[in-house]
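S.K.: Provided herewith: start_5.pdb, PDB, C-alpha atoms, pLDDT in the B column.
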```pdb
ATOM      1  CA  MET A   1     257.035 116.982 138.573  1.00 50.00           C
ATOM      2  CA  SER A   2     258.058 119.897 140.718  1.00 58.00           C
ATOM      3  CA  ASP A   3     258.576 123.294 139.145  1.00 86.00           C
ATOM      4  CA  LEU A   4     261.883 123.980 137.495  1.00 82.00           C
ATOM      5  CA  ARG A   5     264.313 126.341 139.194  1.00 85.00           C
ATOM      6  CA  PRO A   6     265.068 129.675 137.486  1.00 86.00           C
ATOM      7  CA  LEU A   7     267.776 129.078 134.842  1.00 84.00           C
ATOM      8  CA  GLU A   8     267.817 125.345 135.582  1.00 89.00           C
ATOM      9  CA  PRO A   9     270.185 123.675 133.091  1.00 91.00           C
ATOM     10  CA  GLY A  10     268.645 121.527 130.408  1.00 94.00           C
ATOM     11  CA  VAL A  11     269.737 119.813 127.227  1.00 95.00           C
ATOM     12  CA  MET A  12     268.788 119.881 123.550  1.00 94.00           C
ATOM     13  CA  PHE A  13     268.216 116.410 122.127  1.00 96.00           C
ATOM     14  CA  TRP A  14     267.089 115.021 118.780  1.00 96.00           C
ATOM     15  CA  ALA A  15     264.158 112.872 117.732  1.00 96.00           C
ATOM     16  CA  GLY A  16     264.854 110.022 115.341  1.00 93.00           C
ATOM     17  CA  ARG A  17     265.416 107.098 117.680  1.00 94.00           C
ATOM     18  CA  ASP A  18     263.039 105.315 120.044  1.00 96.00           C
ATOM     19  CA  PRO A  19     261.431 107.970 122.302  1.00 97.00           C
ATOM     20  CA  ARG A  20     261.729 105.978 125.556  1.00 97.00           C
ATOM     21  CA  GLU A  21     265.344 105.072 124.901  1.00 97.00           C
ATOM     22  CA  THR A  22     266.174 108.681 124.028  1.00 98.00           C
ATOM     23  CA  VAL A  23     264.437 110.231 127.054  1.00 98.00           C
ATOM     24  CA  ASN A  24     265.968 107.656 129.402  1.00 97.00           C
ATOM     25  CA  GLU A  25     269.408 108.478 128.041  1.00 97.00           C
ATOM     26  CA  VAL A  26     268.885 112.247 128.363  1.00 97.00           C
ATOM     27  CA  ALA A  27     267.351 112.028 131.856  1.00 96.00           C
ATOM     28  CA  GLY A  28     270.270 109.799 132.828  1.00 96.00           C
ATOM     29  CA  LEU A  29     272.512 112.844 132.427  1.00 96.00           C
ATOM     30  CA  GLY A  30     270.857 114.302 135.533  1.00 95.00           C
ATOM     31  CA  VAL A  31     268.786 116.984 133.805  1.00 96.00           C
ATOM     32  CA  ARG A  32     265.021 117.397 134.201  1.00 96.00           C
ATOM     33  CA  CYS A  33     264.218 119.570 131.197  1.00 96.00           C
ATOM     34  CA  GLY A  34     265.209 120.324 127.663  1.00 96.00           C
ATOM     35  CA  GLN A  35     264.423 121.091 124.043  1.00 95.00           C
ATOM     36  CA  LEU A  36     263.456 118.382 121.561  1.00 97.00           C
ATOM     37  CA  LEU A  37     264.633 119.013 117.995  1.00 96.00           C
ATOM     38  CA  ILE A  38     262.618 117.291 115.268  1.00 96.00           C
ATOM     39  CA  PRO A  39     264.804 116.822 112.162  1.00 95.00           C
ATOM     40  CA  GLY A  40     263.175 117.398 108.795  1.00 94.00           C
ATOM     41  CA  HIS A  41     263.083 113.697 107.902  1.00 94.00           C
ATOM     42  CA  VAL A  42     261.307 112.663 111.121  1.00 94.00           C
ATOM     43  CA  PRO A  43     257.513 112.407 110.775  1.00 91.00           C
ATOM     44  CA  ALA A  44     255.535 114.893 112.847  1.00 91.00           C
ATOM     45  CA  ASP A  45     252.395 112.781 113.087  1.00 91.00           C
ATOM     46  CA  LEU A  46     250.294 112.738 116.233  1.00 90.00           C
ATOM     47  CA  ARG A  47     250.894 109.015 116.866  1.00 92.00           C
ATOM     48  CA  ALA A  48     254.618 109.740 117.206  1.00 94.00           C
ATOM     49  CA  ALA A  49     253.791 112.722 119.419  1.00 95.00           C
ATOM     50  CA  ALA A  50     251.809 110.438 121.754  1.00 95.00           C
ATOM     51  CA  GLU A  51     254.820 108.089 121.994  1.00 96.00           C
ATOM     52  CA  TRP A  52     257.080 111.008 122.901  1.00 97.00           C
ATOM     53  CA  LYS A  53     254.584 112.274 125.482  1.00 97.00           C
ATOM     54  CA  GLY A  54     254.471 108.846 127.123  1.00 97.00           C
ATOM     55  CA  ALA A  55     258.262 108.710 127.269  1.00 97.00           C
ATOM     56  CA  LEU A  56     258.557 112.229 128.708  1.00 97.00           C
ATOM     57  CA  ASP A  57     255.823 111.643 131.280  1.00 97.00           C
ATOM     58  CA  ALA A  58     257.346 108.331 132.394  1.00 97.00           C
ATOM     59  CA  ARG A  59     260.571 110.135 133.357  1.00 96.00           C
ATOM     60  CA  GLU A  60     258.831 113.332 134.559  1.00 95.00           C
ATOM     61  CA  PHE A  61     260.973 115.189 132.021  1.00 97.00           C
ATOM     62  CA  ARG A  62     259.849 118.743 131.203  1.00 95.00           C
ATOM     63  CA  LEU A  63     259.935 119.758 127.570  1.00 94.00           C
ATOM     64  CA  VAL A  64     260.443 123.534 127.412  1.00 91.00           C
ATOM     65  CA  THR A  65     260.676 123.928 123.624  1.00 90.00           C
ATOM     66  CA  LEU A  66     260.018 121.840 120.553  1.00 94.00           C
ATOM     67  CA  PHE A  67     262.607 122.891 117.970  1.00 93.00           C
ATOM     68  CA  ALA A  68     261.779 122.659 114.260  1.00 92.00           C
ATOM     69  CA  ALA A  69     264.277 121.657 111.605  1.00 93.00           C
ATOM     70  CA  TYR A  70     263.625 121.273 107.902  1.00 96.00           C
ATOM     71  CA  ASN A  71     264.755 119.007 105.075  1.00 95.00           C
ATOM     72  CA  GLY A  72     267.502 120.513 102.940  1.00 95.00           C
ATOM     73  CA  GLU A  73     269.074 122.727 105.597  1.00 94.00           C
ATOM     74  CA  ASP A  74     272.879 122.778 105.456  1.00 93.00           C
ATOM     75  CA  TYR A  75     274.947 124.198 108.330  1.00 86.00           C
ATOM     76  CA  THR A  76     278.361 123.508 106.764  1.00 88.00           C
ATOM     77  CA  ASP A  77     279.333 127.186 106.539  1.00 84.00           C
ATOM     78  CA  ALA A  78     277.809 130.676 106.447  1.00 79.00           C
ATOM     79  CA  ALA A  79     277.180 130.566 102.672  1.00 86.00           C
ATOM     80  CA  SER A  80     275.351 127.229 102.946  1.00 90.00           C
ATOM     81  CA  ILE A  81     273.287 128.475 105.854  1.00 84.00           C
ATOM     82  CA  GLN A  82     272.353 131.632 103.985  1.00 84.00           C
ATOM     83  CA  ALA A  83     271.200 129.584 100.986  1.00 90.00           C
ATOM     84  CA  THR A  84     269.348 126.760 102.755  1.00 93.00           C
ATOM     85  CA  VAL A  85     268.248 127.511 106.316  1.00 90.00           C
ATOM     86  CA  GLY A  86     264.879 128.617 107.601  1.00 91.00           C
ATOM     87  CA  TRP A  87     262.292 130.569 105.652  1.00 90.00           C
ATOM     88  CA  ILE A  88     264.645 132.455 103.345  1.00 88.00           C
ATOM     89  CA  PRO A  89     264.751 129.942 100.431  1.00 92.00           C
ATOM     90  CA  LYS A  90     261.681 130.762  98.324  1.00 94.00           C
ATOM     91  CA  SER A  91     261.463 127.242  96.892  1.00 95.00           C
ATOM     92  CA  THR A  92     260.900 125.652 100.325  1.00 95.00           C
ATOM     93  CA  ARG A  93     259.058 128.434 102.157  1.00 95.00           C
ATOM     94  CA  ALA A  94     255.496 127.088 101.733  1.00 96.00           C
ATOM     95  CA  GLU A  95     256.536 123.513 102.551  1.00 96.00           C
ATOM     96  CA  ARG A  96     258.394 124.680 105.665  1.00 96.00           C
ATOM     97  CA  LEU A  97     255.429 126.768 106.783  1.00 95.00           C
ATOM     98  CA  ARG A  98     253.221 123.648 106.598  1.00 95.00           C
ATOM     99  CA  ARG A  99     255.871 121.669 108.468  1.00 95.00           C
ATOM    100  CA  THR A 100     256.015 124.347 111.178  1.00 93.00           C
ATOM    101  CA  PHE A 101     252.246 124.112 111.682  1.00 93.00           C
ATOM    102  CA  GLU A 102     252.534 120.299 111.926  1.00 93.00           C
ATOM    103  CA  LEU A 103     255.337 120.606 114.460  1.00 93.00           C
ATOM    104  CA  SER A 104     253.385 123.123 116.483  1.00 91.00           C
ATOM    105  CA  ASP A 105     250.513 120.608 116.670  1.00 92.00           C
ATOM    106  CA  PHE A 106     253.062 117.942 117.631  1.00 94.00           C
ATOM    107  CA  GLY A 107     254.383 120.182 120.397  1.00 92.00           C
ATOM    108  CA  CYS A 108     250.882 120.802 121.734  1.00 90.00           C
ATOM    109  CA  VAL A 109     250.429 117.058 122.265  1.00 92.00           C
ATOM    110  CA  LEU A 110     253.688 117.063 124.225  1.00 93.00           C
ATOM    111  CA  GLY A 111     252.689 120.096 126.283  1.00 90.00           C
ATOM    112  CA  ALA A 112     255.658 122.135 125.033  1.00 90.00           C
ATOM    113  CA  PRO A 113     254.987 125.794 125.858  1.00 87.00           C
ATOM    114  CA  SER A 114     256.927 127.047 122.844  1.00 86.00           C
ATOM    115  CA  ILE A 115     258.233 126.121 119.426  1.00 88.00           C
ATOM    116  CA  GLY A 116     261.667 127.240 118.285  1.00 87.00           C
ATOM    117  CA  LEU A 117     263.303 127.452 114.883  1.00 88.00           C
ATOM    118  CA  HIS A 118     265.936 129.176 112.761  1.00 87.00           C
ATOM    119  CA  VAL A 119     264.413 131.943 110.638  1.00 85.00           C
ATOM    120  CA  GLY A 120     267.471 132.047 108.387  1.00 83.00           C
ATOM    121  CA  PHE A 121     269.555 134.977 107.143  1.00 81.00           C
ATOM    122  CA  VAL A 122     267.148 137.908 107.262  1.00 82.00           C
ATOM    123  CA  PRO A 123     268.202 140.648 104.822  1.00 83.00           C
ATOM    124  CA  GLU A 124     269.346 143.855 106.462  1.00 82.00           C
ATOM    125  CA  ASP A 125     267.407 145.895 103.891  1.00 86.00           C
ATOM    126  CA  ARG A 126     263.823 146.107 105.159  1.00 87.00           C
ATOM    127  CA  THR A 127     262.607 146.772 101.598  1.00 92.00           C
ATOM    128  CA  ASP A 128     264.046 143.462 100.349  1.00 91.00           C
ATOM    129  CA  PRO A 129     261.215 141.135  99.196  1.00 93.00           C
ATOM    130  CA  ASP A 130     262.698 138.284 101.264  1.00 91.00           C
ATOM    131  CA  TYR A 131     262.575 140.448 104.389  1.00 89.00           C
ATOM    132  CA  ALA A 132     258.872 141.127 103.857  1.00 91.00           C
ATOM    133  CA  ALA A 133     258.108 137.492 102.974  1.00 93.00           C
ATOM    134  CA  VAL A 134     259.864 136.090 106.049  1.00 89.00           C
ATOM    135  CA  ARG A 135     258.183 138.688 108.249  1.00 88.00           C
ATOM    136  CA  GLU A 136     254.788 137.552 106.913  1.00 92.00           C
ATOM    137  CA  VAL A 137     255.593 133.862 107.497  1.00 92.00           C
ATOM    138  CA  THR A 138     256.673 134.791 111.022  1.00 89.00           C
ATOM    139  CA  ARG A 139     253.339 136.519 111.607  1.00 89.00           C
ATOM    140  CA  LEU A 140     251.401 133.495 110.292  1.00 91.00           C
ATOM    141  CA  VAL A 141     253.275 131.138 112.603  1.00 90.00           C
ATOM    142  CA  CYS A 142     252.855 133.450 115.601  1.00 86.00           C
ATOM    143  CA  ASP A 143     249.110 133.657 114.899  1.00 88.00           C
ATOM    144  CA  TYR A 144     248.860 129.871 114.621  1.00 89.00           C
ATOM    145  CA  VAL A 145     250.737 129.319 117.869  1.00 83.00           C
ATOM    146  CA  LYS A 146     248.641 131.943 119.662  1.00 77.00           C
ATOM    147  CA  VAL A 147     245.372 130.276 118.605  1.00 72.00           C
ATOM    148  CA  GLN A 148     246.726 127.078 120.143  1.00 67.00           C
ATOM    149  CA  LYS A 149     247.110 128.969 123.439  1.00 59.00           C
ATOM    150  CA  ARG A 150     250.861 128.382 123.386  1.00 60.00           C
ATOM    151  CA  ALA A 151     253.191 130.727 125.221  1.00 57.00           C
ATOM    152  CA  ASP A 152     255.367 131.814 122.332  1.00 63.00           C
ATOM    153  CA  ILE A 153     257.515 131.039 119.339  1.00 67.00           C
ATOM    154  CA  CYS A 154     261.247 131.403 119.829  1.00 72.00           C
ATOM    155  CA  PHE A 155     263.517 132.247 116.942  1.00 68.00           C
ATOM    156  CA  SER A 156     267.188 131.666 116.827  1.00 65.00           C
ATOM    157  CA  LYS A 157     268.688 135.031 115.945  1.00 55.00           C
ATOM    158  CA  PRO A 158     268.724 135.576 112.201  1.00 51.00           C
ATOM    159  CA  PRO A 159     272.440 134.855 111.786  1.00 51.00           C
ATOM    160  CA  GLY A 160     273.247 137.314 109.017  1.00 52.00           C
ATOM    161  CA  ALA A 161     271.809 140.391 110.656  1.00 53.00           C
ATOM    162  CA  ALA A 162     273.292 142.656 113.271  1.00 60.00           C
ATOM    163  CA  TRP A 163     271.547 143.078 116.614  1.00 59.00           C
ATOM    164  CA  ARG A 164     269.812 146.267 115.462  1.00 63.00           C
ATOM    165  CA  VAL A 165     268.365 144.505 112.413  1.00 66.00           C
ATOM    166  CA  THR A 166     267.221 141.594 114.555  1.00 69.00           C
ATOM    167  CA  GLN A 167     265.386 143.932 116.895  1.00 73.00           C
ATOM    168  CA  GLU A 168     263.792 145.743 113.935  1.00 78.00           C
ATOM    169  CA  PHE A 169     262.665 142.424 112.490  1.00 78.00           C
ATOM    170  CA  PHE A 170     260.949 141.359 115.715  1.00 76.00           C
ATOM    171  CA  ARG A 171     259.336 144.799 116.055  1.00 80.00           C
ATOM    172  CA  ASP A 172     258.125 144.553 112.455  1.00 80.00           C
ATOM    173  CA  ALA A 173     256.690 141.084 113.083  1.00 79.00           C
ATOM    174  CA  ASP A 174     254.632 142.849 115.780  1.00 76.00           C
ATOM    175  CA  HIS A 175     253.505 139.823 117.797  1.00 73.00           C
ATOM    176  CA  GLU A 176     253.774 139.504 121.574  1.00 73.00           C
ATOM    177  CA  ASN A 177     254.468 135.796 121.314  1.00 70.00           C
ATOM    178  CA  CYS A 178     257.467 136.295 119.007  1.00 69.00           C
ATOM    179  CA  ASP A 179     260.613 135.859 121.075  1.00 65.00           C
ATOM    180  CA  HIS A 180     264.352 135.644 120.585  1.00 64.00           C
ATOM    181  CA  LEU A 181     266.205 132.497 121.597  1.00 55.00           C
ATOM    182  CA  ASP A 182     269.851 132.188 120.615  1.00 59.00           C
ATOM    183  CA  PRO A 183     272.151 135.215 120.511  1.00 57.00           C
ATOM    184  CA  ALA A 184     275.179 132.877 120.374  1.00 59.00           C
ATOM    185  CA  ASN A 185     274.789 133.006 116.586  1.00 60.00           C
ATOM    186  CA  MET A 186     276.014 136.599 116.723  1.00 59.00           C
ATOM    187  CA  THR A 187     279.325 135.402 118.053  1.00 60.00           C
ATOM    188  CA  MET A 188     279.505 132.430 115.691  1.00 59.00           C
ATOM    189  CA  TYR A 189     278.992 134.599 112.592  1.00 60.00           C
ATOM    190  CA  GLY A 190     280.826 137.682 113.841  1.00 61.00           C
ATOM    191  CA  THR A 191     277.763 139.897 113.381  1.00 59.00           C
ATOM    192  CA  GLY A 192     277.539 141.492 116.795  1.00 58.00           C
ATOM    193  CA  ASP A 193     277.975 141.245 120.550  1.00 59.00           C
ATOM    194  CA  PRO A 194     275.098 139.491 122.338  1.00 55.00           C
ATOM    195  CA  THR A 195     275.970 140.959 125.762  1.00 58.00           C
TER     196      THR A 195
END
```
Written as structure tokens, how would this file's structure read?
M.R.:
Amino acid sequence: MSDLRPLEPGVMFWAGRDPRETVNEVAGLGVRCGQLLIPGHVPADLRAAAEWKGALDAREFRLVTLFAAYNGEDYTDAASIQATVGWIPKSTRAERLRRTFELSDFGCVLGAPSIGLHVGFVPEDRTDPDYAAVREVTRLVCDYVKVQKRADICFSKPPGAAWRVTQEFFRDADHENCDHLDPANMTMYGTGDPT
């Protein structure tokens, strides 16, 4: 496949159906690249990854990011997101860290240069125990991805924090391969101006 053009449009699509059918449908839209989201209930085993790789290769479709989702996340409203999304809920943090490692391995099989995910509502108070815990999970994931020789890990902007807090969080994580993906959340939650 030829190189992608700068800012070439792509599409985000979900795993859960037959890989060949899904990739054929997405490529039929006229796009050549995109992000594959793996819902929490979809197995991240390497056999499934090989099936996805075959489907992507057959259509010469470039996967730019593998996006991680987790069981139990609820995007109904801001309160539900704050309580259930990403690495903030203590009760699911260890399980979601393991899942993120599995998905990173999955993405390596597919040749995805990055893995993306929602961190969750990062507290604005840097002394909050959840702030420190999520920062440490972020560092662990960035280290894991770096060992795999992956380009980076992209985080959707922590939706509860203002732009300044987001920038502080990424500085505190202190990893070159820790990147920011989706400032549209600032608009959606009224927490800042992404421009």
S.K.: Give as an mmCIF file with C-alpha atoms, keeping the file's coordinate frame each residue that has an atom at most 6 Å from (258.4, 122.5, 125.4) in the file, counting only C-alpha atoms.
M.R.:
```cif
data_model
loop_
_atom_site.group_PDB
_atom_site.id
_atom_site.type_symbol
_atom_site.label_atom_id
_atom_site.label_comp_id
_atom_site.auth_asym_id
_atom_site.auth_seq_id
_atom_site.Cartn_x
_atom_site.Cartn_y
_atom_site.Cartn_z
ATOM 1 C CA LEU A 63 259.935 119.758 127.570
ATOM 2 C CA VAL A 64 260.443 123.534 127.412
ATOM 3 C CA THR A 65 260.676 123.928 123.624
ATOM 4 C CA LEU A 66 260.018 121.840 120.553
ATOM 5 C CA ALA A 112 255.658 122.135 125.033
ATOM 6 C CA PRO A 113 254.987 125.794 125.858
ATOM 7 C CA SER A 114 256.927 127.047 122.844
#
```
S.K.: What's the separation between atom CA of A:Gly86 and atom CA of A:Asn71, in Å to one decimal place?
M.R.: 9.9 Å
S.K.: Can you list what the PyMOL selection byres ((chain A and resi 59) around 12) grabs from this structure, as number ranges by chain?
M.R.: A: 1, 19-28, 30-33, 52-58, 60-63
S.K.: Expressed in Å to a single decimal, how great is the separation between atom CA of A:Trp87 and atom CA of A:Val122?
M.R.: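 Those two atoms sit 8.9 Å apart.
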S.K.: My list of candidates is A:Val109, A:Leu97, A:Asp130, A:Pro123. Which is closest to A:Tyr144 when distances are computed with all atoms listed in the file?
M.R.: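 Using all atoms listed in the file, the shortest distance to A:Tyr144 belongs to A:Leu97.
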S.K.: What does the distance from atom CA of A:Glu95 to atom CA of A:Cys154 come to in Å, to one decimal?
M.R.: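 One can read the atom CA of A:Glu95 to atom CA of A:Cys154 distance as 19.6 Å.
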S.K.: Find the spatial neighbours of A:Arg99, counting only C-alpha atoms, within a cut-off of 12 Å - ignore same-chain residues fewer than 5 positions away - and output them as a list in words.
M.R.: Ile38, Pro39, Gly40, His41, Val42, Pro43, Ala44, Asp45, Phe67, Ala68, Ala69, Tyr70, Asn71, Gly86, Trp87, Thr92, Arg93, Ala94, Ser104, Asp105, Phe106, Leu117 and Val141 of chain A
S.K.: For the PyMOL selection byres ((chain A and resi 85) around 9), applied here, can you spell out every residue it catches as a list in words?
M.R.: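 Given this file, the PyMOL selection byres ((chain A and resi 85) around 9) evaluates to Ala69, Tyr70, Gly72, Glu73, Asp74, Tyr75, Ser80, Ile81, Gln82, Ala83, Thr84, Gly86, Trp87, Ile88, Pro89, His118, Val119, Gly120 and Phe121 of chain A.
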S.K.: Draw an axis-aligned box over all listed atoms of stretch 61-79 of chain A, pad each side with 6 Å, and write its centre and edge lengths in Å, one decimal, as JSON.
M.R.:
```
{"center_x": 269.6, "center_y": 122.9, "center_z": 117.3, "size_x": 31.5, "size_y": 27.5, "size_z": 41.3}
```
S.K.: Suppose a student applies the PyMOL selection byres ((chain A and resi 172) around 10) to this structure; what residues should they get, written as a list of chain:residue names?
M.R.: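 This file gives the following for the PyMOL selection byres ((chain A and resi 172) around 10): A:Arg126, A:Ala132, A:Arg135, A:Glu136, A:Thr138, A:Arg139, A:Thr166, A:Gln167, A:Glu168, A:Phe169, A:Phe170, A:Arg171, A:Ala173, A:Asp174, A:His175.
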S.K.: Measuring between only C-alpha atoms, which one of A:Asp18, A:Pro6, A:Ala50, A:Gly107 shows the shortest distance to A:Gln35?
M.R.: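 Of the candidates, the smallest distance to A:Gln35 is held by A:Gly107.
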